[in-house]
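*Asks:* Following this line is work_12.pdb, made up of PDB, N, CA and C atoms:
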ATOM      1  N   MET A  18      22.403  11.114  22.935
ATOM      2  CA  MET A  18      21.359  10.580  22.077
ATOM      3  C   MET A  18      21.487  11.247  20.704
ATOM      4  N   SER A  19      21.471  10.431  19.657
ATOM      5  CA  SER A  19      21.601  10.975  18.315
ATOM      6  C   SER A  19      20.305  11.622  17.874
ATOM      7  N   PHE A  20      20.373  12.383  16.798
ATOM      8  CA  PHE A  20      19.190  13.030  16.217
ATOM      9  C   PHE A  20      18.127  11.994  15.878
ATOM     10  N   PHE A  21      18.528  10.896  15.230
ATOM     11  CA  PHE A  21      17.559   9.880  14.824
ATOM     12  C   PHE A  21      16.958   9.174  16.029
ATOM     13  N   GLN A  22      17.756   8.932  17.066
ATOM     14  CA  GLN A  22      17.212   8.303  18.270
ATOM     15  C   GLN A  22      16.164   9.200  18.907
ATOM     16  N   SER A  23      16.426  10.512  18.936
ATOM     17  CA  SER A  23      15.454  11.412  19.539
ATOM     18  C   SER A  23      14.185  11.504  18.695
ATOM     19  N   LEU A  24      14.325  11.374  17.399
ATOM     20  CA  LEU A  24      13.180  11.450  16.500
ATOM     21  C   LEU A  24      12.383  10.160  16.486
ATOM     22  N   PHE A  25      13.067   9.029  16.409
ATOM     23  CA  PHE A  25      12.391   7.749  16.207
ATOM     24  C   PHE A  25      12.416   6.831  17.422
ATOM     25  N   GLY A  26      13.164   7.151  18.443
ATOM     26  CA  GLY A  26      13.252   6.272  19.604
ATOM     27  C   GLY A  26      14.435   5.328  19.477
ATOM     28  N   THR A  27      14.762   4.679  20.556
ATOM     29  CA  THR A  27      15.864   3.731  20.569
ATOM     30  C   THR A  27      15.307   2.334  20.346
ATOM     31  N   ALA A  28      15.931   1.578  19.478
ATOM     32  CA  ALA A  28      15.452   0.227  19.182
ATOM     33  C   ALA A  28      15.540  -0.643  20.434
ATOM     34  N   THR A  29      14.398  -1.209  20.836
ATOM     35  CA  THR A  29      14.376  -2.069  22.006
ATOM     36  C   THR A  29      14.464  -3.528  21.602
ATOM     37  N   SER A  30      14.266  -3.811  20.354
ATOM     38  CA  SER A  30      14.385  -5.178  19.857
ATOM     39  C   SER A  30      14.919  -5.118  18.434
ATOM     40  N   LYS A  31      15.417  -6.220  17.993
ATOM     41  CA  LYS A  31      15.985  -6.292  16.649
ATOM     42  C   LYS A  31      14.943  -6.783  15.664
ATOM     43  N   TYR A  32      15.305  -6.739  14.409
ATOM     44  CA  TYR A  32      14.491  -7.341  13.358
ATOM     45  C   TYR A  32      15.343  -8.396  12.696
ATOM     46  N   GLN A  33      14.692  -9.243  11.914
ATOM     47  CA  GLN A  33      15.432 -10.300  11.231
ATOM     48  C   GLN A  33      15.497 -10.017   9.739
ATOM     49  N   ASN A  34      16.689 -10.109   9.184
ATOM     50  CA  ASN A  34      16.866 -10.069   7.739
ATOM     51  C   ASN A  34      16.665 -11.485   7.219
ATOM     52  N   VAL A  35      15.781 -11.656   6.255
ATOM     53  CA  VAL A  35      15.535 -12.969   5.673
ATOM     54  C   VAL A  35      15.544 -12.863   4.154
ATOM     55  N   LYS A  36      15.959 -13.935   3.506
ATOM     56  CA  LYS A  36      15.959 -13.970   2.046
ATOM     57  C   LYS A  36      14.530 -14.011   1.533
ATOM     58  N   ALA A  37      14.371 -13.658   0.275
ATOM     59  CA  ALA A  37      13.040 -13.541  -0.329
ATOM     60  C   ALA A  37      12.195 -14.803  -0.154
ATOM     61  N   GLY A  38      12.775 -15.976  -0.352
ATOM     62  CA  GLY A  38      12.021 -17.220  -0.226
ATOM     63  C   GLY A  38      11.483 -17.424   1.173
ATOM     64  N   GLU A  39      12.321 -17.199   2.165
ATOM     65  CA  GLU A  39      11.897 -17.344   3.561
ATOM     66  C   GLU A  39      10.865 -16.269   3.916
ATOM     67  N   PHE A  40      11.078 -15.061   3.409
ATOM     68  CA  PHE A  40      10.147 -13.949   3.607
ATOM     69  C   PHE A  40       8.748 -14.351   3.147
ATOM     70  N   MET A  41       8.656 -14.930   1.958
ATOM     71  CA  MET A  41       7.367 -15.330   1.415
ATOM     72  C   MET A  41       6.765 -16.486   2.209
ATOM     73  N   GLN A  42       7.597 -17.405   2.699
ATOM     74  CA  GLN A  42       7.099 -18.512   3.527
ATOM     75  C   GLN A  42       6.506 -17.985   4.833
ATOM     76  N   ILE A  43       7.178 -17.021   5.449
ATOM     77  CA  ILE A  43       6.662 -16.431   6.686
ATOM     78  C   ILE A  43       5.318 -15.763   6.397
ATOM     79  N   ALA A  44       5.242 -15.037   5.291
ATOM     80  CA  ALA A  44       3.993 -14.365   4.918
ATOM     81  C   ALA A  44       2.858 -15.367   4.751
ATOM     82  N   GLU A  45       3.146 -16.478   4.099
ATOM     83  CA  GLU A  45       2.125 -17.495   3.837
ATOM     84  C   GLU A  45       1.728 -18.260   5.091
ATOM     85  N   ASN A  46       2.659 -18.462   6.018
ATOM     86  CA  ASN A  46       2.419 -19.306   7.188
ATOM     87  C   ASN A  46       2.078 -18.550   8.467
ATOM     88  N   THR A  47       1.974 -17.237   8.379
ATOM     89  CA  THR A  47       1.668 -16.429   9.565
ATOM     90  C   THR A  47       0.364 -15.685   9.318
ATOM     91  N   PRO A  48      -0.725 -16.170   9.928
ATOM     92  CA  PRO A  48      -2.045 -15.589   9.651
ATOM     93  C   PRO A  48      -2.159 -14.085   9.911
ATOM     94  N   ASP A  49      -1.470 -13.575  10.931
ATOM     95  CA  ASP A  49      -1.600 -12.144  11.237
ATOM     96  C   ASP A  49      -0.516 -11.289  10.574
ATOM     97  N   ALA A  50       0.272 -11.872   9.691
ATOM     98  CA  ALA A  50       1.363 -11.133   9.058
ATOM     99  C   ALA A  50       0.833  -9.996   8.188
ATOM    100  N   VAL A  51       1.541  -8.868   8.257
ATOM    101  CA  VAL A  51       1.192  -7.695   7.463
ATOM    102  C   VAL A  51       2.389  -7.363   6.583
ATOM    103  N   LEU A  52       2.169  -7.333   5.269
ATOM    104  CA  LEU A  52       3.218  -6.961   4.323
ATOM    105  C   LEU A  52       3.219  -5.454   4.158
ATOM    106  N   ILE A  53       4.382  -4.854   4.342
ATOM    107  CA  ILE A  53       4.502  -3.407   4.169
ATOM    108  C   ILE A  53       5.602  -3.110   3.164
ATOM    109  N   ASP A  54       5.219  -2.385   2.134
ATOM    110  CA  ASP A  54       6.138  -1.912   1.100
ATOM    111  C   ASP A  54       6.459  -0.468   1.458
ATOM    112  N   VAL A  55       7.727  -0.178   1.747
ATOM    113  CA  VAL A  55       8.092   1.171   2.184
ATOM    114  C   VAL A  55       8.590   2.050   1.039
ATOM    115  N   ARG A  56       8.412   1.593  -0.189
ATOM    116  CA  ARG A  56       8.838   2.383  -1.347
ATOM    117  C   ARG A  56       7.866   3.539  -1.587
ATOM    118  N   THR A  57       8.219   4.387  -2.537
ATOM    119  CA  THR A  57       7.363   5.517  -2.890
ATOM    120  C   THR A  57       6.081   5.003  -3.553
ATOM    121  N   PRO A  58       5.023   5.804  -3.552
ATOM    122  CA  PRO A  58       3.786   5.385  -4.229
ATOM    123  C   PRO A  58       4.005   5.053  -5.707
ATOM    124  N   ALA A  59       4.877   5.783  -6.387
ATOM    125  CA  ALA A  59       5.149   5.490  -7.798
ATOM    126  C   ALA A  59       5.775   4.110  -7.952
ATOM    127  N   GLU A  60       6.734   3.781  -7.097
ATOM    128  CA  GLU A  60       7.355   2.452  -7.137
ATOM    129  C   GLU A  60       6.322   1.376  -6.813
ATOM    130  N   PHE A  61       5.518   1.632  -5.800
ATOM    131  CA  PHE A  61       4.484   0.689  -5.366
ATOM    132  C   PHE A  61       3.492   0.419  -6.498
ATOM    133  N   ASN A  62       3.061   1.472  -7.174
ATOM    134  CA  ASN A  62       2.105   1.335  -8.278
ATOM    135  C   ASN A  62       2.711   0.633  -9.481
ATOM    136  N   GLY A  63       4.027   0.599  -9.555
ATOM    137  CA  GLY A  63       4.720  -0.078 -10.649
ATOM    138  C   GLY A  63       4.797  -1.584 -10.465
ATOM    139  N   GLY A  64       4.404  -2.068  -9.307
ATOM    140  CA  GLY A  64       4.430  -3.501  -9.016
ATOM    141  C   GLY A  64       4.670  -3.742  -7.552
ATOM    142  N   LYS A  65       3.834  -4.595  -6.973
ATOM    143  CA  LYS A  65       3.932  -4.869  -5.537
ATOM    144  C   LYS A  65       3.636  -6.330  -5.270
ATOM    145  N   LEU A  66       3.964  -6.771  -4.062
ATOM    146  CA  LEU A  66       3.613  -8.119  -3.642
ATOM    147  C   LEU A  66       2.119  -8.145  -3.302
ATOM    148  N   PRO A  67       1.440  -9.237  -3.628
ATOM    149  CA  PRO A  67       0.004  -9.326  -3.350
ATOM    150  C   PRO A  67      -0.294  -9.103  -1.868
ATOM    151  N   GLY A  68      -1.260  -8.234  -1.605
ATOM    152  CA  GLY A  68      -1.689  -7.951  -0.243
ATOM    153  C   GLY A  68      -0.856  -6.924   0.497
ATOM    154  N   ALA A  69       0.169  -6.379  -0.146
ATOM    155  CA  ALA A  69       1.044  -5.414   0.530
ATOM    156  C   ALA A  69       0.361  -4.062   0.703
ATOM    157  N   LYS A  70       0.710  -3.426   1.812
ATOM    158  CA  LYS A  70       0.242  -2.076   2.120
ATOM    159  C   LYS A  70       1.426  -1.138   1.892
ATOM    160  N   ASN A  71       1.171  -0.004   1.280
ATOM    161  CA  ASN A  71       2.235   0.964   1.015
ATOM    162  C   ASN A  71       2.301   1.996   2.135
ATOM    163  N   ILE A  72       3.440   2.025   2.832
ATOM    164  CA  ILE A  72       3.726   3.078   3.803
ATOM    165  C   ILE A  72       5.111   3.600   3.447
ATOM    166  N   ASP A  73       5.141   4.669   2.683
ATOM    167  CA  ASP A  73       6.371   5.263   2.165
ATOM    168  C   ASP A  73       7.223   5.800   3.316
ATOM    169  N   ILE A  74       8.433   5.271   3.463
ATOM    170  CA  ILE A  74       9.318   5.710   4.544
ATOM    171  C   ILE A  74       9.677   7.195   4.423
ATOM    172  N   PHE A  75       9.602   7.758   3.211
ATOM    173  CA  PHE A  75       9.916   9.169   3.020
ATOM    174  C   PHE A  75       8.709  10.083   3.207
ATOM    175  N   SER A  76       7.542   9.498   3.464
ATOM    176  CA  SER A  76       6.330  10.277   3.644
ATOM    177  C   SER A  76       6.392  11.083   4.936
ATOM    178  N   LYS A  77       5.821  12.276   4.911
ATOM    179  CA  LYS A  77       5.786  13.128   6.105
ATOM    180  C   LYS A  77       5.020  12.468   7.247
ATOM    181  N   ASP A  78       4.055  11.611   6.918
ATOM    182  CA  ASP A  78       3.256  10.991   7.971
ATOM    183  C   ASP A  78       3.625   9.528   8.220
ATOM    184  N   PHE A  79       4.846   9.143   7.849
ATOM    185  CA  PHE A  79       5.302   7.764   8.069
ATOM    186  C   PHE A  79       5.132   7.349   9.532
ATOM    187  N   LEU A  80       5.610   8.168  10.453
ATOM    188  CA  LEU A  80       5.530   7.819  11.871
ATOM    189  C   LEU A  80       4.080   7.716  12.335
ATOM    190  N   ASN A  81       3.231   8.614  11.885
ATOM    191  CA  ASN A  81       1.813   8.550  12.249
ATOM    192  C   ASN A  81       1.184   7.263  11.744
ATOM    193  N   GLN A  82       1.551   6.852  10.533
ATOM    194  CA  GLN A  82       0.984   5.632   9.962
ATOM    195  C   GLN A  82       1.431   4.390  10.729
ATOM    196  N   ILE A  83       2.718   4.318  11.082
ATOM    197  CA  ILE A  83       3.164   3.123  11.798
ATOM    198  C   ILE A  83       2.656   3.113  13.235
ATOM    199  N   ASP A  84       2.468   4.288  13.825
ATOM    200  CA  ASP A  84       1.958   4.346  15.192
ATOM    201  C   ASP A  84       0.521   3.837  15.289
ATOM    202  N   LYS A  85      -0.192   3.788  14.189
ATOM    203  CA  LYS A  85      -1.574   3.286  14.167
ATOM    204  C   LYS A  85      -1.630   1.765  14.030
ATOM    205  N   LEU A  86      -0.486   1.129  13.768
ATOM    206  CA  LEU A  86      -0.451  -0.323  13.565
ATOM    207  C   LEU A  86      -0.459  -1.071  14.891
ATOM    208  N   ASP A  87      -0.981  -2.286  14.870
ATOM    209  CA  ASP A  87      -1.044  -3.170  16.032
ATOM    210  C   ASP A  87       0.352  -3.747  16.302
ATOM    211  N   LYS A  88       0.924  -3.429  17.430
ATOM    212  CA  LYS A  88       2.289  -3.869  17.758
ATOM    213  C   LYS A  88       2.398  -5.365  18.002
ATOM    214  N   ASP A  89       1.271  -6.053  18.163
ATOM    215  CA  ASP A  89       1.296  -7.488  18.410
ATOM    216  C   ASP A  89       1.355  -8.318  17.132
ATOM    217  N   LYS A  90       1.173  -7.697  15.989
ATOM    218  CA  LYS A  90       1.190  -8.444  14.727
ATOM    219  C   LYS A  90       2.616  -8.621  14.221
ATOM    220  N   THR A  91       2.752  -9.489  13.241
ATOM    221  CA  THR A  91       4.030  -9.734  12.575
ATOM    222  C   THR A  91       4.083  -8.863  11.332
ATOM    223  N   TYR A  92       5.191  -8.143  11.150
ATOM    224  CA  TYR A  92       5.346  -7.245  10.005
ATOM    225  C   TYR A  92       6.502  -7.692   9.135
ATOM    226  N   LEU A  93       6.224  -7.779   7.851
ATOM    227  CA  LEU A  93       7.225  -8.130   6.847
ATOM    228  C   LEU A  93       7.399  -6.916   5.954
ATOM    229  N   LEU A  94       8.569  -6.316   6.001
ATOM    230  CA  LEU A  94       8.827  -5.087   5.263
ATOM    231  C   LEU A  94       9.758  -5.337   4.096
ATOM    232  N   TYR A  95       9.502  -4.627   3.014
ATOM    233  CA  TYR A  95      10.375  -4.743   1.849
ATOM    234  C   TYR A  95      10.420  -3.434   1.075
ATOM    235  N   CYS A  96      11.451  -3.330   0.251
ATOM    236  CA  CYS A  96      11.627  -2.201  -0.655
ATOM    237  C   CYS A  96      12.373  -2.731  -1.877
ATOM    238  N   ARG A  97      13.025  -1.879  -2.599
ATOM    239  CA  ARG A  97      13.727  -2.306  -3.808
ATOM    240  C   ARG A  97      14.958  -3.139  -3.472
ATOM    241  N   SER A  98      15.773  -2.668  -2.503
ATOM    242  CA  SER A  98      17.046  -3.339  -2.229
ATOM    243  C   SER A  98      17.191  -3.873  -0.810
ATOM    244  N   GLY A  99      16.255  -3.556   0.068
ATOM    245  CA  GLY A  99      16.344  -3.977   1.464
ATOM    246  C   GLY A  99      16.884  -2.907   2.389
ATOM    247  N   ASN A 100      17.367  -1.807   1.842
ATOM    248  CA  ASN A 100      17.939  -0.737   2.654
ATOM    249  C   ASN A 100      16.854   0.072   3.373
ATOM    250  N   ARG A 101      15.913   0.627   2.619
ATOM    251  CA  ARG A 101      14.858   1.438   3.241
ATOM    252  C   ARG A 101      14.007   0.602   4.196
ATOM    253  N   SER A 102      13.723  -0.644   3.810
ATOM    254  CA  SER A 102      12.912  -1.486   4.686
ATOM    255  C   SER A 102      13.678  -1.831   5.963
ATOM    256  N   GLY A 103      14.990  -1.981   5.876
ATOM    257  CA  GLY A 103      15.797  -2.193   7.079
ATOM    258  C   GLY A 103      15.748  -0.981   7.996
ATOM    259  N   GLN A 104      15.817   0.209   7.408
ATOM    260  CA  GLN A 104      15.706   1.438   8.189
ATOM    261  C   GLN A 104      14.337   1.530   8.846
ATOM    262  N   ALA A 105      13.301   1.166   8.094
ATOM    263  CA  ALA A 105      11.942   1.193   8.641
ATOM    264  C   ALA A 105      11.804   0.188   9.784
ATOM    265  N   CYS A 106      12.420  -0.985   9.656
ATOM    266  CA  CYS A 106      12.396  -1.981  10.740
ATOM    267  C   CYS A 106      13.042  -1.411  11.994
ATOM    268  N   ASN A 107      14.159  -0.725  11.842
ATOM    269  CA  ASN A 107      14.824  -0.111  12.994
ATOM    270  C   ASN A 107      13.928   0.915  13.666
ATOM    271  N   ILE A 108      13.269   1.730  12.860
ATOM    272  CA  ILE A 108      12.368   2.744  13.401
ATOM    273  C   ILE A 108      11.222   2.074  14.149
ATOM    274  N   MET A 109      10.622   1.050  13.537
ATOM    275  CA  MET A 109       9.500   0.362  14.168
ATOM    276  C   MET A 109       9.938  -0.341  15.450
ATOM    277  N   ALA A 110      11.114  -0.950  15.444
ATOM    278  CA  ALA A 110      11.631  -1.607  16.649
ATOM    279  C   ALA A 110      11.794  -0.587  17.768
ATOM    280  N   GLY A 111      12.262   0.583  17.418
ATOM    281  CA  GLY A 111      12.429   1.652  18.401
ATOM    282  C   GLY A 111      11.115   2.160  18.962
ATOM    283  N   ARG A 112      10.021   1.856  18.279
ATOM    284  CA  ARG A 112       8.697   2.297  18.718
ATOM    285  C   ARG A 112       7.898   1.146  19.333
ATOM    286  N   GLY A 113       8.579   0.027  19.619
ATOM    287  CA  GLY A 113       7.951  -1.041  20.372
ATOM    288  C   GLY A 113       7.474  -2.252  19.586
ATOM    289  N   PHE A 114       7.709  -2.287  18.283
ATOM    290  CA  PHE A 114       7.329  -3.457  17.488
ATOM    291  C   PHE A 114       8.392  -4.535  17.696
ATOM    292  N   THR A 115       7.957  -5.793  17.819
ATOM    293  CA  THR A 115       8.911  -6.860  18.126
ATOM    294  C   THR A 115       8.973  -7.959  17.075
ATOM    295  N   LYS A 116       7.964  -8.084  16.240
ATOM    296  CA  LYS A 116       7.945  -9.150  15.232
ATOM    297  C   LYS A 116       8.148  -8.522  13.862
ATOM    298  N   LEU A 117       9.411  -8.292  13.525
ATOM    299  CA  LEU A 117       9.764  -7.574  12.302
ATOM    300  C   LEU A 117      10.714  -8.397  11.435
ATOM    301  N   TYR A 118      10.392  -8.452  10.154
ATOM    302  CA  TYR A 118      11.230  -9.144   9.189
ATOM    303  C   TYR A 118      11.508  -8.206   8.014
ATOM    304  N   ASN A 119      12.738  -8.177   7.588
ATOM    305  CA  ASN A 119      13.156  -7.375   6.442
ATOM    306  C   ASN A 119      13.570  -8.303   5.313
ATOM    307  N   MET A 120      13.068  -8.054   4.112
ATOM    308  CA  MET A 120      13.480  -8.844   2.958
ATOM    309  C   MET A 120      14.874  -8.395   2.530
ATOM    310  N   ALA A 121      15.875  -9.178   2.888
ATOM    311  CA  ALA A 121      17.257  -8.875   2.525
ATOM    312  C   ALA A 121      17.399  -8.862   1.009
ATOM    313  N   GLY A 122      17.931  -7.817   0.476
ATOM    314  CA  GLY A 122      18.086  -7.706  -0.974
ATOM    315  C   GLY A 122      16.878  -7.127  -1.673
ATOM    316  N   GLY A 123      15.780  -6.973  -0.935
ATOM    317  CA  GLY A 123      14.569  -6.372  -1.488
ATOM    318  C   GLY A 123      14.004  -7.132  -2.671
ATOM    319  N   VAL A 124      13.097  -6.489  -3.393
ATOM    320  CA  VAL A 124      12.443  -7.147  -4.514
ATOM    321  C   VAL A 124      13.425  -7.424  -5.648
ATOM    322  N   MET A 125      14.571  -6.771  -5.648
ATOM    323  CA  MET A 125      15.589  -7.056  -6.669
ATOM    324  C   MET A 125      16.148  -8.463  -6.498
ATOM    325  N   SER A 126      15.992  -9.040  -5.305
ATOM    326  CA  SER A 126      16.547 -10.364  -5.041
ATOM    327  C   SER A 126      15.575 -11.496  -5.399
ATOM    328  N   MET A 127      14.381 -11.138  -5.821
ATOM    329  CA  MET A 127      13.369 -12.168  -6.134
ATOM    330  C   MET A 127      13.560 -12.715  -7.523
TER     331      MET A 127
END
As structure tokens - that is how I would like this structure written.

*Replies:*
Amino acid sequence: MSFFQSLFGTATSKYQNVKAGEFMQIAENTPDAVLIDVRTPAEFNGGKLPGAKNIDIFSKDFLNQIDKLDKDKTYLLYCRSGNRSGQACNIMAGRGFTKLYNMAGGVMSM
């Protein structure tokens, strides 16, 4: 077992990478969808998608924050380029979340 697997768990399900347009359609058409911006608070304060919640992947309490989320909801994660949000999707999948979408290319692709 790798260090990250022991820290974050093993992914039991995958997430889907979707382009920005599809990402926004899912957000609009899924009533229980939760938008999560995993960028730093400074990046988040510089501009965010409407209704997004900031959970910084580099925060010391990132795991505590995601563990408080409802695993039955749909989560749409994004960051600047799609890398950090993809990592966050993997972590969340390893903790039992099953409805995960990553904005491929991040907000730079919009």

*Asks:* Return as lines of an AutoDock Vina configuration file the centre and edge lengths, in Å with one decimal, of the box along x, y and z that encloses every atom of stretch 111-121 of chain A in the file, padded by 8 Å per side.

*Replies:*
center_x = 12.4
center_y = -3.4
center_z = 10.7
size_x = 26.1
size_y = 27.5
size_z = 35.4

*Asks:* So which residues of chain A fall under helix (DSSP H, G or I) by DSSP, listed as a PyMOL selection string?

*Replies:* chain A and resi 20-25+37-46+58-62+79-84+100-111+123-126

*Asks:* Restricted to N, CA and C atoms, what would the selected residues look like written as a CSV table (one decimal), keeping the file's coordinate frame?

*Replies:*
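Just written: out.csv:
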chain,number,residue,atom,x,y,z
A,20,PHE,N,20.4,12.4,16.8
A,20,PHE,CA,19.2,13.0,16.2
A,20,PHE,C,18.1,12.0,15.9
A,21,PHE,N,18.5,10.9,15.2
A,21,PHE,CA,17.6,9.9,14.8
A,21,PHE,C,17.0,9.2,16.0
A,22,GLN,N,17.8,8.9,17.1
A,22,GLN,CA,17.2,8.3,18.3
A,22,GLN,C,16.2,9.2,18.9
A,23,SER,N,16.4,10.5,18.9
A,23,SER,CA,15.5,11.4,19.5
A,23,SER,C,14.2,11.5,18.7
A,24,LEU,N,14.3,11.4,17.4
A,24,LEU,CA,13.2,11.4,16.5
A,24,LEU,C,12.4,10.2,16.5
A,25,PHE,N,13.1,9.0,16.4
A,25,PHE,CA,12.4,7.7,16.2
A,25,PHE,C,12.4,6.8,17.4
A,37,ALA,N,14.4,-13.7,0.3
A,37,ALA,CA,13.0,-13.5,-0.3
A,37,ALA,C,12.2,-14.8,-0.2
A,38,GLY,N,12.8,-16.0,-0.4
A,38,GLY,CA,12.0,-17.2,-0.2
A,38,GLY,C,11.5,-17.4,1.2
A,39,GLU,N,12.3,-17.2,2.2
A,39,GLU,CA,11.9,-17.3,3.6
A,39,GLU,C,10.9,-16.3,3.9
A,40,PHE,N,11.1,-15.1,3.4
A,40,PHE,CA,10.1,-13.9,3.6
A,40,PHE,C,8.7,-14.4,3.1
A,41,MET,N,8.7,-14.9,2.0
A,41,MET,CA,7.4,-15.3,1.4
A,41,MET,C,6.8,-16.5,2.2
A,42,GLN,N,7.6,-17.4,2.7
A,42,GLN,CA,7.1,-18.5,3.5
A,42,GLN,C,6.5,-18.0,4.8
A,43,ILE,N,7.2,-17.0,5.4
A,43,ILE,CA,6.7,-16.4,6.7
A,43,ILE,C,5.3,-15.8,6.4
A,44,ALA,N,5.2,-15.0,5.3
A,44,ALA,CA,4.0,-14.4,4.9
A,44,ALA,C,2.9,-15.4,4.8
A,45,GLU,N,3.1,-16.5,4.1
A,45,GLU,CA,2.1,-17.5,3.8
A,45,GLU,C,1.7,-18.3,5.1
A,46,ASN,N,2.7,-18.5,6.0
A,46,ASN,CA,2.4,-19.3,7.2
A,46,ASN,C,2.1,-18.6,8.5
A,58,PRO,N,5.0,5.8,-3.6
A,58,PRO,CA,3.8,5.4,-4.2
A,58,PRO,C,4.0,5.1,-5.7
A,59,ALA,N,4.9,5.8,-6.4
A,59,ALA,CA,5.1,5.5,-7.8
A,59,ALA,C,5.8,4.1,-8.0
A,60,GLU,N,6.7,3.8,-7.1
A,60,GLU,CA,7.4,2.5,-7.1
A,60,GLU,C,6.3,1.4,-6.8
A,61,PHE,N,5.5,1.6,-5.8
A,61,PHE,CA,4.5,0.7,-5.4
A,61,PHE,C,3.5,0.4,-6.5
A,62,ASN,N,3.1,1.5,-7.2
A,62,ASN,CA,2.1,1.3,-8.3
A,62,ASN,C,2.7,0.6,-9.5
A,79,PHE,N,4.8,9.1,7.8
A,79,PHE,CA,5.3,7.8,8.1
A,79,PHE,C,5.1,7.3,9.5
A,80,LEU,N,5.6,8.2,10.5
A,80,LEU,CA,5.5,7.8,11.9
A,80,LEU,C,4.1,7.7,12.3
A,81,ASN,N,3.2,8.6,11.9
A,81,ASN,CA,1.8,8.6,12.2
A,81,ASN,C,1.2,7.3,11.7
A,82,GLN,N,1.6,6.9,10.5
A,82,GLN,CA,1.0,5.6,10.0
A,82,GLN,C,1.4,4.4,10.7
A,83,ILE,N,2.7,4.3,11.1
A,83,ILE,CA,3.2,3.1,11.8
A,83,ILE,C,2.7,3.1,13.2
A,84,ASP,N,2.5,4.3,13.8
A,84,ASP,CA,2.0,4.3,15.2
A,84,ASP,C,0.5,3.8,15.3
A,100,ASN,N,17.4,-1.8,1.8
A,100,ASN,CA,17.9,-0.7,2.7
A,100,ASN,C,16.9,0.1,3.4
A,101,ARG,N,15.9,0.6,2.6
A,101,ARG,CA,14.9,1.4,3.2
A,101,ARG,C,14.0,0.6,4.2
A,102,SER,N,13.7,-0.6,3.8
A,102,SER,CA,12.9,-1.5,4.7
A,102,SER,C,13.7,-1.8,6.0
A,103,GLY,N,15.0,-2.0,5.9
A,103,GLY,CA,15.8,-2.2,7.1
A,103,GLY,C,15.7,-1.0,8.0
A,104,GLN,N,15.8,0.2,7.4
A,104,GLN,CA,15.7,1.4,8.2
A,104,GLN,C,14.3,1.5,8.8
A,105,ALA,N,13.3,1.2,8.1
A,105,ALA,CA,11.9,1.2,8.6
A,105,ALA,C,11.8,0.2,9.8
A,106,CYS,N,12.4,-1.0,9.7
A,106,CYS,CA,12.4,-2.0,10.7
A,106,CYS,C,13.0,-1.4,12.0
A,107,ASN,N,14.2,-0.7,11.8
A,107,ASN,CA,14.8,-0.1,13.0
A,107,ASN,C,13.9,0.9,13.7
A,108,ILE,N,13.3,1.7,12.9
A,108,ILE,CA,12.4,2.7,13.4
A,108,ILE,C,11.2,2.1,14.1
A,109,MET,N,10.6,1.0,13.5
A,109,MET,CA,9.5,0.4,14.2
A,109,MET,C,9.9,-0.3,15.4
A,110,ALA,N,11.1,-1.0,15.4
A,110,ALA,CA,11.6,-1.6,16.6
A,110,ALA,C,11.8,-0.6,17.8
A,111,GLY,N,12.3,0.6,17.4
A,111,GLY,CA,12.4,1.7,18.4
A,111,GLY,C,11.1,2.2,19.0
A,123,GLY,N,15.8,-7.0,-0.9
A,123,GLY,CA,14.6,-6.4,-1.5
A,123,GLY,C,14.0,-7.1,-2.7
A,124,VAL,N,13.1,-6.5,-3.4
A,124,VAL,CA,12.4,-7.1,-4.5
A,124,VAL,C,13.4,-7.4,-5.6
A,125,MET,N,14.6,-6.8,-5.6
A,125,MET,CA,15.6,-7.1,-6.7
A,125,MET,C,16.1,-8.5,-6.5
A,126,SER,N,16.0,-9.0,-5.3
A,126,SER,CA,16.5,-10.4,-5.0
A,126,SER,C,15.6,-11.5,-5.4

*Asks:* Considering all atoms listed in the file, return as a list of chain:residue names whatever protein or nucleic-acid residues lie within 8 Å of A:Phe40, sequence-local ones (same chain, fewer than 3 positions apart) excluded.

*Replies:*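 Final neighbour list, sorted by chain and number: A:Asn34, A:Val35, A:Lys36, A:Ala37, A:Ile43, A:Ala44, A:Glu45, A:Asn46, A:Leu93, A:Tyr118, A:Asn119, A:Met120, A:Ala121.
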
*Asks:* Work out how far atom N of A:Val51 is from atom C of A:Glu39, in Å to one decimal.

*Replies:* 12.7 Å

*Asks:* Show which residues sit within 12 Å of A:Ile72, as a list of chain:residue names. Count only C-alpha atoms, and ignore same-chain residues fewer than 5 positions away.

*Replies:*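 Contacts, with the query itself left out: A:Val51, A:Leu52, A:Ile53, A:Asp54, A:Val55, A:Arg56, A:Thr57, A:Pro58, A:Ala59, A:Glu60, A:Phe61, A:Lys77, A:Asp78, A:Phe79, A:Leu80, A:Asn81, A:Gln82, A:Ile83, A:Asp84, A:Lys85, A:Leu86, A:Leu94, A:Tyr95, A:Cys96, A:Arg101, A:Ser102, A:Ala105.
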
*Asks:* Please indicate the distance in Å from atom CA of A:Gly113 to atom N of A:Phe75, rounded to one decimal place.

*Replies:*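 If I compute the distance from atom CA of A:Gly113 to atom N of A:Phe75, I get 19.4 Å.
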
*Asks:* Please identify which residues in chain A DSSP calls strand (DSSP E) from the backbone, and express them as a list in words.

*Replies:*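 Secondary structure check on chain A, strand (DSSP E): Gln33, Asn34, Val35, Val51, Leu52, Ile53, Asp54, Lys70, Asn71, Tyr92, Leu93, Leu94, Tyr95, Leu117, Tyr118, Asn119 and Met120 of chain A.
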
*Asks:* Rounded to one decimal in Å, what is the spacing between atom CA of A:Lys65 and atom CA of A:Ile108?

*Replies:*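 Atom-to-atom, atom CA of A:Lys65 and atom CA of A:Ile108 are spaced 22.1 Å apart.
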
*Asks:* Translate the PyMOL selection byres (((chain A and resi 116 and name CA) around 9) and name CA) into a concrete residue list for this structure, as a list of chain:residue names.

*Replies:* A:Ser30, A:Lys31, A:Tyr32, A:Gln33, A:Lys88, A:Asp89, A:Lys90, A:Thr91, A:Tyr92, A:Leu93, A:Ala110, A:Phe114, A:Thr115, A:Leu117, A:Tyr118

*Asks:* Written as a PyMOL selection string, which residues does the PyMOL selection byres ((chain A and resi 97) around 5) give for the file shown?

*Replies:* chain A and resi 95-96+98-99+122-125
